[in-house]
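Undergrad: Dropping in work-v4.txt, with compact mmCIF, N, CA and C atoms.
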# COMPACT_ATOMS: atom_id res chain seq x y z
N MET A 78 42.64 140.42 101.54
CA MET A 78 43.43 139.32 101.00
C MET A 78 44.58 139.92 100.20
N PRO A 79 45.80 139.39 100.37
CA PRO A 79 46.95 139.92 99.64
C PRO A 79 46.78 139.81 98.12
N THR A 80 47.34 140.78 97.42
CA THR A 80 47.23 140.83 95.96
C THR A 80 47.75 139.55 95.31
N ALA A 81 48.86 139.02 95.78
CA ALA A 81 49.42 137.80 95.19
C ALA A 81 48.42 136.65 95.23
N VAL A 82 47.73 136.52 96.34
CA VAL A 82 46.73 135.45 96.47
C VAL A 82 45.55 135.72 95.55
N MET A 83 45.14 136.98 95.48
CA MET A 83 44.02 137.34 94.58
C MET A 83 44.37 136.99 93.14
N LEU A 84 45.57 137.33 92.71
CA LEU A 84 46.00 137.03 91.34
C LEU A 84 46.04 135.53 91.10
N ALA A 85 46.58 134.77 92.05
CA ALA A 85 46.65 133.32 91.90
C ALA A 85 45.25 132.70 91.84
N LEU A 86 44.36 133.19 92.69
CA LEU A 86 42.98 132.69 92.67
C LEU A 86 42.30 133.01 91.34
N GLN A 87 42.53 134.21 90.82
CA GLN A 87 41.96 134.58 89.52
C GLN A 87 42.45 133.65 88.42
N LEU A 88 43.74 133.30 88.46
CA LEU A 88 44.26 132.37 87.46
C LEU A 88 43.55 131.03 87.51
N LEU A 89 43.14 130.63 88.71
CA LEU A 89 42.44 129.36 88.89
C LEU A 89 40.93 129.49 88.67
N GLY A 90 40.47 130.71 88.41
CA GLY A 90 39.03 130.93 88.23
C GLY A 90 38.26 130.88 89.54
N LEU A 91 38.93 131.22 90.63
CA LEU A 91 38.32 131.17 91.96
C LEU A 91 38.29 132.56 92.59
N SER A 92 37.51 132.68 93.64
CA SER A 92 37.46 133.93 94.41
C SER A 92 37.86 133.62 95.85
N PRO A 93 38.14 134.66 96.64
CA PRO A 93 38.51 134.44 98.04
C PRO A 93 37.45 133.66 98.83
N SER A 94 36.19 133.81 98.45
CA SER A 94 35.15 133.06 99.17
C SER A 94 35.18 131.57 98.82
N ASP A 95 35.76 131.23 97.66
CA ASP A 95 35.89 129.82 97.27
C ASP A 95 37.00 129.11 98.03
N LEU A 96 38.03 129.86 98.39
CA LEU A 96 39.22 129.25 98.96
C LEU A 96 39.85 130.20 99.97
N PRO A 97 39.50 130.06 101.25
CA PRO A 97 40.06 130.95 102.26
C PRO A 97 41.54 130.66 102.51
N VAL A 98 42.35 131.70 102.39
CA VAL A 98 43.81 131.57 102.48
C VAL A 98 44.33 132.47 103.59
N VAL A 99 45.28 131.94 104.35
CA VAL A 99 45.94 132.70 105.40
C VAL A 99 47.43 132.68 105.10
N ILE A 100 48.06 133.85 105.12
CA ILE A 100 49.51 133.95 104.92
C ILE A 100 50.17 133.92 106.30
N VAL A 101 51.13 133.03 106.46
CA VAL A 101 51.88 132.91 107.71
C VAL A 101 53.25 133.53 107.47
N ASP A 102 53.56 134.60 108.19
CA ASP A 102 54.79 135.36 107.95
C ASP A 102 56.05 134.69 108.44
N LYS A 103 55.95 133.95 109.53
CA LYS A 103 57.13 133.30 110.12
C LYS A 103 56.84 131.81 110.31
N PRO A 104 57.85 130.97 110.10
CA PRO A 104 57.61 129.53 110.29
C PRO A 104 57.34 129.22 111.76
N PRO A 105 56.45 128.26 112.00
CA PRO A 105 56.23 127.82 113.39
C PRO A 105 57.53 127.29 113.99
N PRO A 106 57.74 127.48 115.28
CA PRO A 106 59.00 127.06 115.90
C PRO A 106 59.25 125.56 115.86
N ASP A 107 58.21 124.75 115.68
CA ASP A 107 58.41 123.31 115.67
C ASP A 107 58.81 122.75 114.30
N LEU A 108 58.92 123.60 113.29
CA LEU A 108 59.37 123.13 111.98
C LEU A 108 60.89 123.05 111.95
N SER A 109 61.40 121.96 111.40
CA SER A 109 62.85 121.83 111.24
C SER A 109 63.32 122.82 110.17
N TRP A 110 64.63 123.02 110.10
CA TRP A 110 65.17 123.91 109.07
C TRP A 110 64.80 123.41 107.68
N ALA A 111 64.91 122.11 107.45
CA ALA A 111 64.57 121.53 106.15
C ALA A 111 63.11 121.77 105.80
N GLN A 112 62.22 121.59 106.77
CA GLN A 112 60.80 121.84 106.52
C GLN A 112 60.56 123.31 106.21
N GLN A 113 61.25 124.19 106.91
CA GLN A 113 61.09 125.62 106.67
C GLN A 113 61.48 125.98 105.24
N GLN A 114 62.46 125.26 104.69
CA GLN A 114 62.92 125.54 103.33
C GLN A 114 62.00 124.96 102.28
N SER A 115 61.29 123.88 102.61
CA SER A 115 60.53 123.18 101.58
C SER A 115 59.03 123.44 101.60
N VAL A 116 58.45 123.68 102.76
CA VAL A 116 57.00 123.82 102.82
C VAL A 116 56.57 125.13 102.14
N LYS A 117 55.53 125.03 101.30
CA LYS A 117 54.99 126.22 100.64
C LYS A 117 53.56 126.49 101.07
N GLY A 118 52.87 125.44 101.49
CA GLY A 118 51.49 125.60 101.94
C GLY A 118 51.05 124.36 102.68
N CYS A 119 49.95 124.49 103.43
CA CYS A 119 49.43 123.32 104.14
C CYS A 119 47.99 123.56 104.55
N VAL A 120 47.34 122.48 104.92
CA VAL A 120 46.04 122.52 105.58
C VAL A 120 46.23 121.83 106.92
N THR A 121 45.30 122.00 107.84
CA THR A 121 45.45 121.38 109.15
C THR A 121 44.46 120.24 109.33
N ASN A 122 44.74 119.44 110.31
CA ASN A 122 43.88 118.29 110.61
C ASN A 122 43.33 118.41 112.02
N GLY A 123 42.03 118.29 112.14
CA GLY A 123 41.43 118.12 113.45
C GLY A 123 41.15 119.35 114.28
N ASP A 124 41.64 120.51 113.88
CA ASP A 124 41.38 121.72 114.66
C ASP A 124 40.20 122.45 114.04
N PRO A 125 39.03 122.45 114.68
CA PRO A 125 37.85 123.09 114.10
C PRO A 125 38.06 124.57 113.79
N ALA A 126 38.94 125.22 114.51
CA ALA A 126 39.18 126.66 114.29
C ALA A 126 39.90 126.92 112.97
N THR A 127 40.64 125.95 112.47
CA THR A 127 41.40 126.16 111.24
C THR A 127 40.97 125.24 110.10
N GLU A 128 40.01 124.38 110.34
CA GLU A 128 39.54 123.47 109.30
C GLU A 128 39.00 124.27 108.12
N GLY A 129 39.41 123.89 106.93
CA GLY A 129 38.94 124.56 105.72
C GLY A 129 39.79 125.73 105.28
N LEU A 130 40.84 126.04 106.03
CA LEU A 130 41.74 127.13 105.66
C LEU A 130 42.99 126.58 105.00
N ILE A 131 43.53 127.35 104.08
CA ILE A 131 44.82 127.03 103.48
C ILE A 131 45.83 128.03 104.04
N PHE A 132 46.93 127.51 104.54
CA PHE A 132 48.00 128.35 105.07
C PHE A 132 49.14 128.37 104.06
N ILE A 133 49.59 129.57 103.73
CA ILE A 133 50.68 129.74 102.78
C ILE A 133 51.91 130.28 103.51
N ALA A 134 53.06 129.71 103.20
CA ALA A 134 54.32 130.08 103.84
C ALA A 134 54.80 131.43 103.30
N GLY A 135 54.44 132.49 103.99
CA GLY A 135 54.81 133.84 103.56
C GLY A 135 56.29 134.12 103.68
N TRP A 136 57.02 133.30 104.42
CA TRP A 136 58.46 133.51 104.58
C TRP A 136 59.25 132.96 103.38
N GLN A 137 58.60 132.17 102.54
CA GLN A 137 59.28 131.57 101.40
C GLN A 137 59.52 132.60 100.29
N ARG A 138 60.65 132.45 99.60
CA ARG A 138 60.96 133.36 98.50
C ARG A 138 59.88 133.30 97.42
N ALA A 139 59.35 132.12 97.16
CA ALA A 139 58.32 131.98 96.13
C ALA A 139 57.13 132.89 96.42
N TYR A 140 56.70 132.93 97.68
CA TYR A 140 55.58 133.80 98.02
C TYR A 140 56.00 135.27 97.95
N ARG A 141 57.16 135.60 98.47
CA ARG A 141 57.62 136.99 98.43
C ARG A 141 57.72 137.50 96.99
N ASP A 142 58.18 136.63 96.07
CA ASP A 142 58.24 137.01 94.66
C ASP A 142 56.84 137.20 94.07
N ALA A 143 55.91 136.34 94.47
CA ALA A 143 54.52 136.50 94.01
C ALA A 143 53.94 137.82 94.53
N ALA A 144 54.29 138.16 95.75
CA ALA A 144 53.81 139.42 96.33
C ALA A 144 54.35 140.63 95.58
N LYS A 145 55.48 140.46 94.91
CA LYS A 145 56.06 141.54 94.10
C LYS A 145 55.48 141.53 92.69
N GLY A 146 54.57 140.58 92.42
CA GLY A 146 53.90 140.52 91.12
C GLY A 146 54.66 139.77 90.05
N LYS A 147 55.69 139.02 90.43
CA LYS A 147 56.45 138.26 89.43
C LYS A 147 55.57 137.13 88.89
N ARG A 148 55.39 137.13 87.58
CA ARG A 148 54.44 136.24 86.91
C ARG A 148 54.64 134.77 87.26
N ASP A 149 55.87 134.27 87.10
CA ASP A 149 56.11 132.85 87.37
C ASP A 149 55.81 132.50 88.83
N ALA A 150 56.10 133.41 89.73
CA ALA A 150 55.84 133.15 91.15
C ALA A 150 54.34 133.11 91.43
N VAL A 151 53.57 133.94 90.75
CA VAL A 151 52.11 133.92 90.92
C VAL A 151 51.55 132.61 90.37
N ILE A 152 52.08 132.16 89.24
CA ILE A 152 51.65 130.87 88.68
C ILE A 152 52.01 129.74 89.64
N SER A 153 53.21 129.80 90.22
CA SER A 153 53.62 128.79 91.20
C SER A 153 52.68 128.78 92.40
N LEU A 154 52.33 129.96 92.89
CA LEU A 154 51.39 130.07 94.01
C LEU A 154 50.04 129.47 93.63
N ALA A 155 49.59 129.70 92.41
CA ALA A 155 48.33 129.10 91.96
C ALA A 155 48.42 127.58 92.01
N GLY A 156 49.57 127.04 91.62
CA GLY A 156 49.76 125.59 91.70
C GLY A 156 49.70 125.07 93.12
N VAL A 157 50.33 125.81 94.05
CA VAL A 157 50.28 125.42 95.47
C VAL A 157 48.84 125.47 95.98
N LEU A 158 48.10 126.50 95.59
CA LEU A 158 46.70 126.60 96.02
C LEU A 158 45.88 125.44 95.47
N ALA A 159 46.13 125.06 94.22
CA ALA A 159 45.42 123.91 93.64
C ALA A 159 45.74 122.63 94.42
N HIS A 160 47.00 122.47 94.80
CA HIS A 160 47.42 121.31 95.59
C HIS A 160 46.71 121.27 96.93
N GLU A 161 46.71 122.39 97.64
CA GLU A 161 46.09 122.43 98.96
C GLU A 161 44.57 122.34 98.87
N ARG A 162 44.00 122.87 97.81
CA ARG A 162 42.55 122.73 97.60
C ARG A 162 42.17 121.26 97.46
N CYS A 163 43.02 120.50 96.80
CA CYS A 163 42.80 119.06 96.67
C CYS A 163 42.73 118.41 98.04
N HIS A 164 43.63 118.80 98.94
CA HIS A 164 43.61 118.24 100.29
C HIS A 164 42.30 118.59 101.00
N LEU A 165 41.83 119.81 100.82
CA LEU A 165 40.58 120.20 101.49
C LEU A 165 39.38 119.41 100.96
N ALA A 166 39.48 118.94 99.73
CA ALA A 166 38.37 118.18 99.14
C ALA A 166 38.26 116.78 99.74
N GLN A 167 39.33 116.32 100.42
CA GLN A 167 39.33 115.00 101.03
C GLN A 167 38.76 115.08 102.45
N PRO A 168 38.08 114.06 102.90
CA PRO A 168 37.63 114.06 104.29
C PRO A 168 38.82 114.15 105.23
N ALA A 169 38.67 114.89 106.31
CA ALA A 169 39.78 115.10 107.26
C ALA A 169 40.33 113.77 107.77
N THR A 170 39.46 112.77 107.95
CA THR A 170 39.95 111.49 108.46
C THR A 170 40.90 110.82 107.47
N TRP A 171 40.71 111.05 106.19
CA TRP A 171 41.60 110.48 105.18
C TRP A 171 42.97 111.14 105.25
N ARG A 172 43.00 112.40 105.62
CA ARG A 172 44.26 113.13 105.62
C ARG A 172 45.20 112.67 106.71
N ILE A 173 44.71 111.91 107.69
CA ILE A 173 45.58 111.51 108.79
C ILE A 173 45.74 109.99 108.88
N THR A 174 45.50 109.30 107.77
CA THR A 174 45.65 107.84 107.75
C THR A 174 46.76 107.45 106.78
N LYS A 175 46.96 106.15 106.64
CA LYS A 175 47.99 105.69 105.70
C LYS A 175 47.60 105.93 104.24
N SER A 176 46.38 106.36 103.99
CA SER A 176 45.97 106.72 102.63
C SER A 176 46.63 108.02 102.18
N GLN A 177 47.40 108.63 103.07
CA GLN A 177 48.02 109.92 102.78
C GLN A 177 48.83 109.90 101.48
N ARG A 178 49.58 108.82 101.24
CA ARG A 178 50.41 108.78 100.02
C ARG A 178 49.55 108.84 98.77
N ILE A 179 48.40 108.18 98.77
CA ILE A 179 47.51 108.21 97.62
C ILE A 179 46.96 109.61 97.43
N ILE A 180 46.50 110.20 98.51
CA ILE A 180 45.95 111.55 98.43
C ILE A 180 47.02 112.54 98.00
N GLU A 181 48.21 112.43 98.55
CA GLU A 181 49.29 113.34 98.18
C GLU A 181 49.57 113.26 96.68
N GLY A 182 49.57 112.05 96.15
CA GLY A 182 49.78 111.88 94.71
C GLY A 182 48.70 112.57 93.90
N GLU A 183 47.45 112.43 94.32
CA GLU A 183 46.35 113.10 93.63
C GLU A 183 46.52 114.62 93.68
N CYS A 184 47.00 115.10 94.81
CA CYS A 184 47.15 116.56 94.96
C CYS A 184 48.32 117.08 94.16
N TYR A 185 49.39 116.30 94.04
CA TYR A 185 50.48 116.70 93.15
C TYR A 185 49.99 116.72 91.71
N ASP A 186 49.13 115.76 91.35
CA ASP A 186 48.55 115.75 90.00
C ASP A 186 47.71 117.01 89.76
N ALA A 187 46.94 117.42 90.77
CA ALA A 187 46.13 118.64 90.65
C ALA A 187 47.02 119.86 90.46
N GLN A 188 48.14 119.88 91.18
CA GLN A 188 49.08 120.99 91.07
C GLN A 188 49.70 121.02 89.66
N GLN A 189 50.13 119.85 89.18
CA GLN A 189 50.72 119.78 87.84
C GLN A 189 49.71 120.19 86.78
N SER A 190 48.47 119.75 86.95
CA SER A 190 47.42 120.09 85.99
C SER A 190 47.20 121.60 85.94
N ALA A 191 47.16 122.23 87.12
CA ALA A 191 47.00 123.68 87.17
C ALA A 191 48.17 124.37 86.48
N LEU A 192 49.38 123.91 86.75
CA LEU A 192 50.56 124.52 86.13
C LEU A 192 50.53 124.34 84.61
N ASP A 193 50.11 123.17 84.15
CA ASP A 193 49.99 122.93 82.70
C ASP A 193 48.97 123.87 82.08
N THR A 194 47.81 123.97 82.72
CA THR A 194 46.74 124.83 82.21
C THR A 194 47.17 126.29 82.14
N LEU A 195 47.98 126.70 83.11
CA LEU A 195 48.41 128.11 83.18
C LEU A 195 49.65 128.38 82.34
N GLY A 196 50.15 127.37 81.64
CA GLY A 196 51.31 127.57 80.78
C GLY A 196 52.59 127.83 81.56
N ALA A 197 52.72 127.18 82.71
CA ALA A 197 53.91 127.37 83.54
C ALA A 197 55.16 126.89 82.81
N PRO A 198 56.27 127.58 83.01
CA PRO A 198 57.52 127.11 82.42
C PRO A 198 57.97 125.79 83.06
N LEU A 199 58.78 125.07 82.33
CA LEU A 199 59.21 123.74 82.76
C LEU A 199 59.85 123.75 84.14
N TYR A 200 60.66 124.75 84.44
CA TYR A 200 61.35 124.73 85.74
C TYR A 200 60.36 124.75 86.90
N LEU A 201 59.20 125.39 86.75
CA LEU A 201 58.19 125.36 87.81
C LEU A 201 57.57 123.97 87.94
N LYS A 202 57.33 123.33 86.81
CA LYS A 202 56.74 121.99 86.84
C LYS A 202 57.68 120.99 87.48
N LEU A 203 58.97 121.18 87.28
CA LEU A 203 59.95 120.28 87.87
C LEU A 203 60.10 120.46 89.37
N GLN A 204 59.65 121.59 89.91
CA GLN A 204 59.73 121.84 91.34
C GLN A 204 58.62 121.16 92.13
N VAL A 205 57.59 120.69 91.44
CA VAL A 205 56.50 120.00 92.12
C VAL A 205 57.06 118.72 92.73
N ARG A 206 56.71 118.45 93.97
CA ARG A 206 57.19 117.31 94.77
C ARG A 206 58.53 117.57 95.42
N GLU A 207 59.05 118.78 95.29
CA GLU A 207 60.30 119.10 96.00
C GLU A 207 59.98 119.54 97.39
Spit out the file's structure as structure tokens when you get a sec.

TA:
Amino acid sequence: MPTAVMLALQLLGLSPSDLPVVIVDKPPPDLSWAQQQSVKGCVTNGDPATEGLIFIAGWQRAYRDAAKGKRDAVISLAGVLAHERCHLAQPATWRITKSQRIIEGECYDAQQSALDTLGAPLYLKLQVRE
């Protein structure tokens, strides 16, 4: 597991066995340019081979900075992991229904809470929901 992910998990009080993470180095070809710029992490729906995994956008500057050990970037990554962990806690059927907006709000709250707990600077907190 990459050091950046290990550090972010430690900040959350988790281990790699608690939260399996996969770093994706290049954006999938079906992502639009805007999605490539904004997505930081995701979980999948319906594919048994990837269910329960968190995918992190390794092409994003935020992840690359975390990989260099930059403190704020590691805290930001921890927030993204908290957000995606929230999604994994929901039943897969909920993730693909109109309840998505409610779940997304809960997951943004989980991300904000993690950032607050970790003493994230204001500029990181303002990036949540971007």

Undergrad: Using atom C of Leu199 (chain A) and atom N of Ala187 (chain A) as the two end points, give the distance in Å to one decimal.

TA: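 So the two atoms, atom C of Leu199 (chain A) and atom N of Ala187 (chain A), lie 15.8 Å apart.
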
Undergrad: Name the residues of chain A that fall into helix (DSSP H, G or I) according to DSSP on the backbone, using the chain letters and numbers of this document, as a VMD selection string.

TA: chain A and resid 80 to 88 110 to 115 138 to 144 148 to 166 169 to 172 177 to 194 199 to 203

Undergrad: Find, counting only C-alpha atoms, the residue in A:Pro79, A:Gly118, A:Pro106, A:Gly196 that gets nearest to Ala159 (chain A).

TA: A:Gly118

Undergrad: Take atom C of Arg141 (chain A) and atom C of Gly182 (chain A) and report the distance between them in Å, one decimal.

TA: 26.7 Å

Undergrad: To one decimal place in Å, what is the distance between atom N of Gln167 (chain A) and atom N of Thr194 (chain A)?

TA: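 Computing it gives 21.1 Å between the two atoms.
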
Undergrad: Can you work out which one of A:Val99, A:Ala166, A:Val116, A:Ala155 has the shortest atom-to-atom distance to Leu130 (chain A), counting all atoms listed in the file?

TA: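 When distances to Leu130 (chain A) are compared using all atoms listed in the file, the smallest one comes from A:Val99.
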
Undergrad: Choose the residue, out of A:Ser92, A:Cys119, A:Trp136, A:Leu154, that has the smallest atom-to-atom separation from Glu181 (chain A); count only C-alpha atoms.

TA: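 Ranking A:Ser92, A:Cys119, A:Trp136, A:Leu154 by distance to Glu181 (chain A), first place goes to A:Cys119.
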
Undergrad: Residues of chain A classed as strand (DSSP E or B) by DSSP on the backbone are to be reported as a VMD selection string.

TA: chain A and resid 98 to 101 118 to 119 131 to 134

Undergrad: Could you give me, as a tab-separated table, a per-residue list for region 90-140 of chain A showing, wherever an atom lies at most 7 Å from an atom of region 81-85 of chain A, the closest pair of atoms and their distance in Å to one decimal, using all atoms listed in the file and sorting by chain then residue number from low to high?

TA:
residue	atom	partner	partner_atom	distance
A:Gly90	N	A:Ala85	C	6.2
A:Leu91	N	A:Ala85	C	6.6
A:Pro93	N	A:Met83	CA	6.8

Undergrad: Between A:Asp149, A:Asp142, A:Glu183, A:Glu128, single out the one closest to Cys163 (chain A), counting all atoms listed in the file.

TA: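 Ranked by minimum distance to Cys163 (chain A), first place goes to A:Glu183.
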